[in-house]
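> This is the content of start23.csv (CSV, C-alpha atoms):
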chain,number,residue,atom,x,y,z
U,1,MET,CA,-53.0,-18.3,-23.4
U,2,ALA,CA,-49.9,-20.1,-24.6
U,3,GLY,CA,-47.9,-22.6,-22.5
U,4,GLY,CA,-49.9,-25.7,-22.1
U,5,MET,CA,-48.5,-28.7,-20.3
U,6,ASP,CA,-49.6,-32.3,-20.6
U,7,LEU,CA,-50.5,-33.7,-17.2
U,8,GLY,CA,-51.5,-37.2,-18.3
U,9,THR,CA,-54.9,-38.7,-18.2
U,10,GLY,CA,-55.6,-38.5,-14.5
U,11,GLY,CA,-57.6,-41.0,-12.6
U,12,GLY,CA,-60.2,-43.3,-14.2
U,13,HIS,CA,-63.2,-42.1,-12.1
U,14,GLY,CA,-65.9,-41.6,-14.5
U,15,LYS,CA,-65.7,-37.9,-15.2
U,16,LYS,CA,-62.9,-37.0,-17.6
U,17,LYS,CA,-60.4,-34.4,-16.6
U,18,ALA,CA,-58.8,-32.0,-19.0
U,19,LEU,CA,-55.6,-33.2,-20.5
U,20,ASP,CA,-53.9,-29.7,-20.7
U,21,ALA,CA,-53.2,-27.3,-17.9
U,22,THR,CA,-52.7,-23.7,-18.5
U,23,ILE,CA,-49.7,-22.0,-16.9
U,24,ASN,CA,-50.1,-18.4,-16.2
U,25,LEU,CA,-47.1,-16.8,-17.9
U,26,VAL,CA,-47.9,-13.2,-17.0
U,27,PRO,CA,-46.1,-13.2,-13.6
U,28,PHE,CA,-43.1,-14.9,-15.2
U,29,ILE,CA,-42.9,-12.2,-17.9
U,30,ASP,CA,-43.2,-9.5,-15.3
U,31,LEU,CA,-40.3,-11.0,-13.3
U,32,MET,CA,-38.3,-11.2,-16.5
U,33,ALA,CA,-39.0,-7.6,-17.3
U,34,VAL,CA,-38.0,-6.4,-13.8
U,35,THR,CA,-34.8,-8.6,-13.9
U,36,ILE,CA,-33.8,-7.2,-17.3
U,37,SER,CA,-34.4,-3.6,-16.2
U,38,PHE,CA,-32.3,-4.2,-13.0
U,39,LEU,CA,-29.4,-5.9,-14.8
U,40,ILE,CA,-29.3,-3.2,-17.6
U,41,MET,CA,-29.2,-0.4,-15.0
U,42,THR,CA,-26.5,-2.0,-13.0
U,43,ALA,CA,-24.4,-3.3,-15.9
U,44,VAL,CA,-20.8,-2.2,-16.2
U,45,TRP,CA,-20.1,-2.0,-19.9
U,46,THR,CA,-16.4,-0.9,-19.8
U,47,GLN,CA,-14.1,-3.7,-18.7
U,48,ILE,CA,-11.4,-2.0,-16.7
U,49,GLY,CA,-8.4,-3.8,-15.1
U,50,ARG,CA,-5.3,-2.8,-13.3
U,51,LEU,CA,-1.6,-3.3,-13.8
U,52,GLN,CA,0.2,-3.5,-10.5
U,53,VAL,CA,3.6,-1.8,-10.3
U,54,SER,CA,5.9,-0.5,-7.6
U,55,SER,CA,8.0,2.6,-7.9
U,56,SER,CA,11.6,2.1,-7.1
U,57,GLY,CA,12.5,2.7,-3.5
U,58,GLY,CA,9.0,1.4,-2.5
U,59,ASP,CA,8.0,-1.2,0.1
U,60,SER,CA,10.3,-4.1,0.1
U,61,ASP,CA,9.2,-7.2,-1.7
U,62,PRO,CA,9.0,-10.4,0.4
U,63,ASN,CA,10.9,-12.2,-2.4
U,64,GLN,CA,13.7,-9.6,-2.3
U,65,ASP,CA,16.2,-11.7,-0.5
U,66,LYS,CA,15.7,-14.5,-3.1
U,67,ASP,CA,15.9,-12.1,-6.0
U,68,ASP,CA,19.1,-10.4,-4.7
U,69,LYS,CA,21.1,-13.5,-5.7
U,70,LEU,CA,19.7,-13.3,-9.2
U,71,PRO,CA,20.9,-10.9,-11.8
U,72,GLN,CA,18.7,-7.9,-12.1
U,73,ILE,CA,16.8,-7.3,-15.3
U,74,THR,CA,16.5,-3.7,-16.4
U,75,LEU,CA,14.6,-2.3,-19.4
U,76,LEU,CA,15.5,1.2,-20.5
U,77,LEU,CA,12.5,2.8,-22.2
U,78,ALA,CA,13.2,5.9,-24.2
U,79,GLU,CA,11.1,7.7,-26.7
U,80,LYS,CA,13.1,6.3,-29.7
U,81,GLU,CA,14.8,3.2,-28.3
U,82,ILE,CA,14.6,0.3,-25.9
U,83,LYS,CA,17.5,-1.3,-24.2
U,84,ILE,CA,17.4,-4.5,-22.1
U,85,SER,CA,20.2,-5.4,-19.7
U,86,VAL,CA,20.8,-8.3,-17.3
U,87,GLY,CA,23.0,-7.3,-14.5
U,88,SER,CA,25.4,-4.8,-15.9
U,89,ALA,CA,25.6,-6.3,-19.4
U,90,GLN,CA,23.3,-5.1,-22.1
U,91,LEU,CA,21.5,-7.8,-24.0
U,92,GLY,CA,21.8,-7.4,-27.8
U,93,ASP,CA,21.6,-4.1,-29.5
U,94,ALA,CA,19.3,-1.3,-28.6
U,95,ILE,CA,15.9,-1.7,-30.3
U,96,THR,CA,15.3,1.3,-32.4
U,97,ASN,CA,12.5,2.2,-34.9
U,98,ALA,CA,10.1,0.1,-32.9
U,99,ARG,CA,7.0,2.0,-34.0
U,100,ASP,CA,4.7,1.1,-36.8
U,101,ASP,CA,3.0,3.6,-39.3
U,102,LYS,CA,0.4,4.6,-36.7
U,103,GLY,CA,3.1,5.4,-34.1
U,104,GLN,CA,2.2,2.3,-32.0
U,105,LEU,CA,5.1,0.6,-30.2
U,106,GLN,CA,5.8,-2.8,-31.6
U,107,LEU,CA,7.2,-5.1,-28.9
U,108,VAL,CA,7.9,-8.3,-30.8
U,109,LYS,CA,11.7,-7.9,-30.4
U,110,VAL,CA,11.3,-7.0,-26.7
U,111,GLN,CA,9.2,-10.1,-26.3
U,112,ASP,CA,11.8,-12.3,-27.9
U,113,LEU,CA,14.6,-10.9,-25.7
U,114,LEU,CA,12.5,-11.3,-22.5
U,115,LYS,CA,11.7,-14.9,-23.4
U,116,LYS,CA,15.4,-15.6,-23.8
U,117,ILE,CA,16.1,-14.1,-20.4
U,118,ARG,CA,13.3,-16.1,-18.8
U,119,GLU,CA,14.8,-19.3,-20.3
U,120,GLN,CA,18.2,-18.4,-18.9
U,121,ILE,CA,16.9,-17.2,-15.5
U,122,PRO,CA,13.6,-18.8,-14.9
U,123,ASP,CA,13.5,-17.8,-11.2
U,124,GLN,CA,13.8,-14.1,-11.8
U,125,THR,CA,10.3,-12.5,-11.9
U,126,ALA,CA,11.4,-8.9,-11.2
U,127,ILE,CA,12.1,-6.3,-13.7
U,128,THR,CA,12.9,-2.6,-13.5
U,129,VAL,CA,11.5,-0.3,-16.2
U,130,GLN,CA,13.6,2.8,-16.3
U,131,THR,CA,11.6,5.4,-18.2
U,132,GLU,CA,12.6,8.7,-19.7
U,133,ASP,CA,10.6,11.8,-19.0
U,134,ASP,CA,9.1,12.2,-22.5
U,135,VAL,CA,7.8,8.7,-22.8
U,136,ARG,CA,4.0,8.5,-23.1
U,137,TYR,CA,2.0,6.7,-20.5
U,138,GLU,CA,0.5,4.5,-23.2
U,139,ASP,CA,3.9,3.2,-24.2
U,140,LEU,CA,4.9,2.6,-20.6
U,141,VAL,CA,1.7,0.6,-20.0
U,142,ARG,CA,2.4,-1.5,-23.2
U,143,VAL,CA,5.9,-2.3,-22.0
U,144,ILE,CA,4.7,-3.3,-18.5
U,145,ASP,CA,1.9,-5.4,-20.0
U,146,GLU,CA,4.5,-7.2,-22.2
U,147,CYS,CA,6.7,-7.8,-19.1
U,148,ILE,CA,3.9,-9.3,-17.1
U,149,GLY,CA,2.8,-11.4,-20.1
U,150,ASP,CA,6.3,-12.8,-20.3
U,151,GLY,CA,6.3,-13.9,-16.7
U,152,LEU,CA,8.1,-10.9,-15.1
U,153,THR,CA,5.3,-10.1,-12.8
U,154,ALA,CA,7.1,-7.9,-10.3
U,155,VAL,CA,7.5,-4.7,-12.3
U,156,SER,CA,9.0,-1.6,-10.8
U,157,VAL,CA,9.0,1.7,-12.6
U,158,SER,CA,11.7,4.3,-12.0
U,159,PRO,CA,12.9,7.4,-13.8
U,160,VAL,CA,16.2,7.3,-15.6
U,161,ALA,CA,19.0,8.4,-13.3
U,162,ALA,CA,20.3,11.8,-14.3
E,1,MET,CA,-86.7,-2.8,-55.3
E,2,PRO,CA,-85.4,-5.1,-52.6
E,3,ILE,CA,-83.6,-3.7,-49.6
E,4,LYS,CA,-79.9,-4.6,-49.7
E,5,VAL,CA,-77.4,-5.0,-46.9
E,6,PRO,CA,-75.2,-1.9,-46.7
E,7,GLY,CA,-71.6,-2.4,-47.9
E,8,LYS,CA,-69.5,-2.4,-51.0
E,9,ARG,CA,-71.4,-2.4,-54.2
E,10,TYR,CA,-69.6,-3.6,-57.3
E,11,GLY,CA,-70.6,-3.1,-60.8
E,12,VAL,CA,-72.7,-5.6,-62.7
E,13,ARG,CA,-69.7,-7.2,-64.3
E,14,LEU,CA,-67.8,-7.6,-61.0
E,15,ALA,CA,-70.9,-8.8,-59.2
E,16,LYS,CA,-70.5,-12.1,-61.1
E,17,SER,CA,-66.9,-12.4,-60.1
E,18,HIS,CA,-66.2,-15.0,-57.5
E,19,PHE,CA,-63.5,-12.9,-55.8
E,20,PHE,CA,-65.3,-9.5,-55.6
E,21,SER,CA,-68.7,-10.8,-54.9
E,22,GLY,CA,-67.4,-12.1,-51.5
E,23,HIS,CA,-68.5,-15.7,-52.0
E,24,HIS,CA,-65.0,-17.0,-51.2
E,25,SER,CA,-64.8,-15.5,-47.7
E,26,SER,CA,-65.9,-17.4,-44.7
E,27,ALA,CA,-68.7,-16.3,-42.5
E,28,LYS,CA,-67.1,-14.2,-39.9
E,29,LYS,CA,-63.5,-13.4,-38.8
E,30,SER,CA,-62.6,-13.6,-35.2
E,31,THR,CA,-62.1,-10.3,-33.6
E,32,SER,CA,-59.4,-11.5,-31.2
E,33,ALA,CA,-55.9,-12.8,-32.2
E,34,ASP,CA,-53.7,-15.1,-30.2
E,35,LEU,CA,-50.4,-13.6,-29.2
E,36,LEU,CA,-47.4,-16.1,-29.4
E,37,ILE,CA,-45.7,-15.8,-26.0
E,38,THR,CA,-43.1,-18.5,-26.5
E,39,PRO,CA,-40.6,-16.4,-28.6
E,40,LEU,CA,-41.0,-13.5,-26.3
E,41,VAL,CA,-40.2,-15.7,-23.2
E,42,ASP,CA,-37.3,-17.2,-25.1
E,43,MET,CA,-35.9,-13.8,-25.9
E,44,PHE,CA,-36.3,-12.7,-22.3
E,45,VAL,CA,-34.4,-15.7,-21.0
E,46,ILE,CA,-31.5,-15.2,-23.4
E,47,ILE,CA,-31.3,-11.5,-22.4
E,48,VAL,CA,-31.4,-12.3,-18.7
E,49,LEU,CA,-28.6,-15.0,-19.1
E,50,PHE,CA,-26.4,-12.6,-21.2
E,51,LEU,CA,-26.8,-9.8,-18.6
E,52,ILE,CA,-26.1,-12.1,-15.7
E,53,ALA,CA,-23.0,-13.4,-17.4
E,54,ASN,CA,-21.7,-9.9,-17.8
E,55,PHE,CA,-22.7,-8.8,-14.3
E,56,SER,CA,-20.0,-7.3,-12.1
E,57,ALA,CA,-20.5,-7.5,-8.4
E,58,THR,CA,-17.9,-4.8,-7.7
E,59,GLY,CA,-19.8,-2.3,-9.7
E,60,GLU,CA,-18.2,0.7,-11.4
E,61,ILE,CA,-15.2,1.8,-9.5
E,62,LEU,CA,-13.9,4.4,-11.9
E,63,ASN,CA,-15.8,7.2,-13.4
E,64,MET,CA,-15.0,7.3,-17.1
E,65,THR,CA,-14.8,10.8,-18.6
E,66,LYS,CA,-14.1,12.1,-22.0
E,67,ASP,CA,-10.9,13.8,-20.9
E,68,VAL,CA,-9.3,10.6,-19.8
E,69,GLN,CA,-8.7,7.9,-22.4
E,70,LEU,CA,-7.2,4.9,-20.7
E,71,PRO,CA,-4.5,2.8,-22.4
E,72,THR,CA,-5.2,-0.8,-23.2
E,73,ALA,CA,-3.5,-3.9,-21.7
E,74,SER,CA,-4.1,-7.6,-21.8
E,75,HIS,CA,-2.6,-9.1,-18.7
E,76,VAL,CA,-4.7,-7.3,-16.1
E,77,LYS,CA,-6.1,-8.1,-12.7
E,78,GLU,CA,-9.5,-7.1,-11.4
E,79,LEU,CA,-9.7,-3.5,-10.1
E,80,ASP,CA,-10.0,-3.1,-6.3
E,81,LEU,CA,-11.6,-0.4,-4.3
E,82,ALA,CA,-8.9,2.1,-3.5
E,83,PRO,CA,-8.3,5.9,-3.7
E,84,ILE,CA,-8.3,7.1,-7.2
E,85,VAL,CA,-5.9,9.7,-8.7
E,86,VAL,CA,-7.1,10.9,-12.1
E,87,ILE,CA,-4.5,12.4,-14.5
E,88,SER,CA,-6.4,14.0,-17.3
E,89,ALA,CA,-4.8,15.9,-20.2
E,90,THR,CA,-5.0,19.1,-18.2
E,91,ASP,CA,-5.4,18.4,-14.4
E,92,VAL,CA,-4.5,16.0,-11.7
E,93,ILE,CA,-7.7,15.3,-9.8
E,94,MET,CA,-8.4,13.5,-6.5
E,95,ASP,CA,-11.9,13.1,-5.0
E,96,GLY,CA,-13.3,15.3,-7.7
E,97,VAL,CA,-10.9,18.2,-6.7
E,98,ALA,CA,-8.1,19.4,-9.1
E,99,VAL,CA,-4.9,19.4,-7.0
E,100,ALA,CA,-2.5,20.3,-9.8
E,101,ARG,CA,-2.2,21.3,-13.4
E,102,VAL,CA,-0.5,19.0,-15.8
E,103,ALA,CA,1.2,21.9,-17.7
E,104,ASP,CA,2.7,23.2,-14.5
E,105,LEU,CA,3.9,19.7,-13.4
E,106,ALA,CA,5.6,19.2,-16.8
E,107,HIS,CA,7.6,22.3,-16.4
E,108,GLU,CA,8.7,22.1,-12.8
E,109,ASP,CA,11.6,20.0,-11.7
E,110,TYR,CA,10.4,19.0,-8.2
E,111,LEU,CA,9.1,15.5,-7.7
E,112,SER,CA,6.5,16.0,-5.0
E,113,ILE,CA,3.0,17.4,-5.5
E,114,PRO,CA,2.2,18.8,-2.0
E,115,ALA,CA,-1.6,19.2,-2.5
E,116,LEU,CA,-1.9,15.6,-3.7
E,117,GLU,CA,0.2,14.2,-0.9
E,118,GLU,CA,-1.9,16.1,1.7
E,119,ARG,CA,-5.1,14.6,0.3
E,120,LEU,CA,-3.6,11.1,0.2
E,121,ARG,CA,-2.4,11.4,3.8
E,122,GLU,CA,-6.0,12.5,4.8
E,123,SER,CA,-7.4,9.5,3.0
E,124,LYS,CA,-4.9,7.2,4.7
E,125,LYS,CA,-5.7,8.6,8.1
E,126,GLN,CA,-9.4,8.1,7.5
E,127,THR,CA,-9.0,4.5,6.3
E,128,GLU,CA,-6.8,3.7,9.3
E,129,GLU,CA,-9.3,5.3,11.7
E,130,LEU,CA,-12.2,3.4,10.1
E,131,HIS,CA,-10.4,0.1,10.4
E,132,GLY,CA,-9.4,0.9,14.0
E,133,ALA,CA,-13.0,1.7,15.0
E,134,ALA,CA,-14.3,-1.4,13.3
E,135,ALA,CA,-11.5,-3.5,14.9
E,136,ASP,CA,-11.5,-5.8,11.9
E,137,GLY,CA,-7.8,-6.4,12.0
E,138,GLN,CA,-7.3,-5.3,8.5
E,139,ALA,CA,-4.0,-3.5,7.9
E,140,PHE,CA,-3.7,-0.6,5.6
E,141,SER,CA,-2.9,-2.0,2.2
E,142,GLY,CA,-1.4,1.1,0.6
E,143,ASP,CA,-3.3,0.5,-2.7
E,144,VAL,CA,-3.9,3.4,-5.0
E,145,ASN,CA,-5.4,3.5,-8.5
E,146,ILE,CA,-4.0,5.9,-11.0
E,147,GLN,CA,-6.5,6.6,-13.8
E,148,GLY,CA,-4.2,8.3,-16.4
E,149,HIS,CA,-4.8,9.7,-19.8
E,150,LYS,CA,-2.8,7.7,-22.3
E,151,GLU,CA,-1.0,10.7,-23.8
E,152,ILE,CA,0.5,12.1,-20.5
E,153,PRO,CA,4.3,12.2,-20.3
E,154,PHE,CA,6.1,10.1,-17.8
E,155,LYS,CA,7.4,13.3,-16.2
E,156,VAL,CA,4.0,14.0,-14.8
E,157,LEU,CA,3.3,10.4,-14.0
E,158,LYS,CA,6.5,10.0,-12.0
E,159,ARG,CA,5.6,13.0,-9.8
E,160,VAL,CA,2.2,11.5,-9.1
E,161,MET,CA,3.8,8.1,-8.3
E,162,PHE,CA,6.4,9.8,-6.0
E,163,SER,CA,3.6,11.7,-4.2
E,164,CYS,CA,1.7,8.5,-3.7
E,165,GLN,CA,4.8,6.7,-2.4
E,166,ASN,CA,5.5,9.6,0.0
E,167,ALA,CA,2.0,9.5,1.4
E,168,GLY,CA,2.3,5.8,2.1
E,169,TYR,CA,0.5,4.4,-0.9
E,170,GLY,CA,3.2,2.1,-2.2
E,171,ASN,CA,1.0,-0.3,-4.2
E,172,ILE,CA,0.4,1.6,-7.3
E,173,ASN,CA,-2.1,0.3,-9.8
E,174,PHE,CA,-2.5,1.7,-13.3
E,175,ALA,CA,-6.1,1.5,-14.5
E,176,VAL,CA,-6.3,0.2,-18.0
E,177,LEU,CA,-8.9,-1.1,-20.5
E,178,ASP,CA,-8.9,-4.8,-20.5
E,179,ALA,CA,-8.2,-6.0,-24.1
E,180,GLY,CA,-8.4,-9.7,-23.2
E,181,ALA,CA,-5.5,-12.1,-23.2
E,182,LYS,CA,-6.9,-14.2,-26.0
E,183,ALA,CA,-7.3,-11.3,-28.3
E,184,ALA,CA,-3.7,-10.2,-27.6
E,185,GLU,CA,-2.4,-13.7,-28.3
E,186,GLY,CA,-4.3,-13.8,-31.6
E,187,THR,CA,-2.8,-10.4,-32.7
E,188,LYS,CA,0.8,-11.4,-31.8
E,189,THR,CA,0.4,-14.7,-33.7
E,190,ALA,CA,-0.9,-12.8,-36.7
E,191,GLU,CA,2.0,-10.3,-36.5
E,192,ARG,CA,4.5,-13.1,-36.7
Would you mind writing the file out in structure tokens?

Amino acid sequence: MAGGMDLGTGGGHGKKKALDATINLVPFIDLMAVTISFLIMTAVWTQIGRLQVSSSGGDSDPNQDKDDKLPQITLLLAEKEIKISVGSAQLGDAITNARDDKGQLQLVKVQDLLKKIREQIPDQTAITVQTEDDVRYEDLVRVIDECIGDGLTAVSVSPVAA
Amino acid sequence: MPIKVPGKRYGVRLAKSHFFSGHHSSAKKSTSADLLITPLVDMFVIIVLFLIANFSATGEILNMTKDVQLPTASHVKELDLAPIVVISATDVIMDGVAVARVADLAHEDYLSIPALEERLRESKKQTEELHGAAADGQAFSGDVNIQGHKEIPFKVLKRVMFSCQNAGYGNINFAVLDAGAKAAEGTKTAER
């Protein structure tokens, strides 16, 4: 059996003791096999997370009083364009043709605008994403993810007012 | 004629050969072979460490199905245990029961989904009763997880969100696949 361990020479009383001791590895391998089976059976292979949002008109935010003094950031998400406004003023032009060849939304311009806003109003962490009815869920999630990534962690989602 | 030991008989020419005559071989080969356990134990240890590192104590909260392809996001939090509303490409499902059809929801102009609201209210009532009986002092959190197919239109999603809000579930969480913040940073840098 493999797995010898040197225990030294032992005492010096006449009869010589063996230098190597054999460790029985069979229980160890059994334990390993059981542990591996258990871990494989209970493993979660898909890593799923959550993006927390609130729908407009929901429970009041504890920071609401503080945020009321700050200009409100609004992002209008339509199928073909994105507009960002601070207070009542629109920031820059509307972002159009924001999709790549595969139809994926490219949010580099949005990221730049949100960073500018964060530099100007660092205390504001709330944003309202007004979404049109035909916008895909995947696009909405990408925009929310971008907002959270840029420090606007209190995201509320609302439909575009008719 | 002498009696010979049974076995291979080579021709006269080969009998003189050193190789075929068998003179080179040793007396007897051992019938047992030692098995090297060390690499096996090493491999086991590595597998165990890898699996422990990936171990999730919360387990699998969502049931993944083929009908629901989740969108991907980078800045996510860990999923909590809460009621789950599934929006597949065809149905809105809660607790394994279809409460509405997506095609119908997309055509109607109402905001509320009565069947979904009813189920959510029942779930809320049960949760509050359980906490009350346990007297653990935990207030109802109002968390709900929405497991939506990535292609569904916002018109359907807003109706589900409105129903959750009406039923008292104001903390809405979108379930997404975790792409990892580092990977996202790398992609953005490359895009620039």
> May I have the residues within 12 Å of stretch 43-45 of chain E as an MDAnalysis selection string, using only C-alpha atoms and disregarding those fewer than 2 positions away in the same chain?
(chainID U and resid 28:37) or (chainID E and resid 37:41 47:52)
> Can you check which residues of chain E have any atom within 8 Å of chain U? Use only C-alpha atoms and format it as a PyMOL selection string.
chain E and resi 34-38+41+44-45+47-48+51-52+54-56+59-60+71-79+145+148-155+157-158+161-162+165+170-178+188
> Looking at U:Ile84, U:Ala89, U:Leu19, U:Ala98, which one is nearest to U:Leu113, with distances taken over all atoms listed in the file?
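The shortest atom-to-atom distance to U:Leu113 comes from U:Ile84.
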> Considering only C-alpha atoms, can you say which of E:Thr65, E:Gln147, E:Ser112, E:Gln126 comes closest to E:Met94?
E:Gln147
> What's the separation between atom CA of E:Val92 and atom CA of E:Ile146, in Å to one decimal place?
10.1 Å
> Quote the spacing between atom CA of E:Cys164 and atom CA of U:Gln130 in Å to one decimal place.
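Separation of atom CA of E:Cys164 and atom CA of U:Gln130: 18.2 Å.
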> Atom CA of E:Val86 to atom CA of E:Ala57: how many Å, to one decimal?
23.1 Å
> Write out as a list in words the residues lying within 10 Å of E:Asp91, counting all atoms listed in the file and excluding same-chain residues fewer than 2 positions away.
Asp67, Val86, Ile87, Ser88, Ala89, Ile93, Met94, Val97, Ala98, Val99, Ala100, Arg101, Val102, Ala103, Asp104 and Leu105 of chain E
> Report, as JSON, the centre and edge lengths in Å (one decimal) of the axis-aligned box enclosing every listed atom of stretch 13-22 of chain U, padded by 5 Å on each side.

{"center_x": -59.3, "center_y": -32.9, "center_z": -16.4, "size_x": 23.2, "size_y": 28.4, "size_z": 18.6}
> Determine, counting all atoms listed in the file, which protein, DNA and RNA residues have an atom within 12 Å of an atom of stretch 91-96 of chain U; residues of the same chain fewer than 4 positions away are not included. Present the result as a list in words.
Ile73, Thr74, Leu75, Leu76, Leu77, Ala78, Glu79, Lys80, Glu81, Ile82, Lys83, Ile84, Ser85, Val86, Gly87, Asp100, Leu105, Gln106, Leu107, Val108, Lys109, Val110, Gln111, Asp112, Leu113, Leu114, Lys116 and Ile117 of chain U
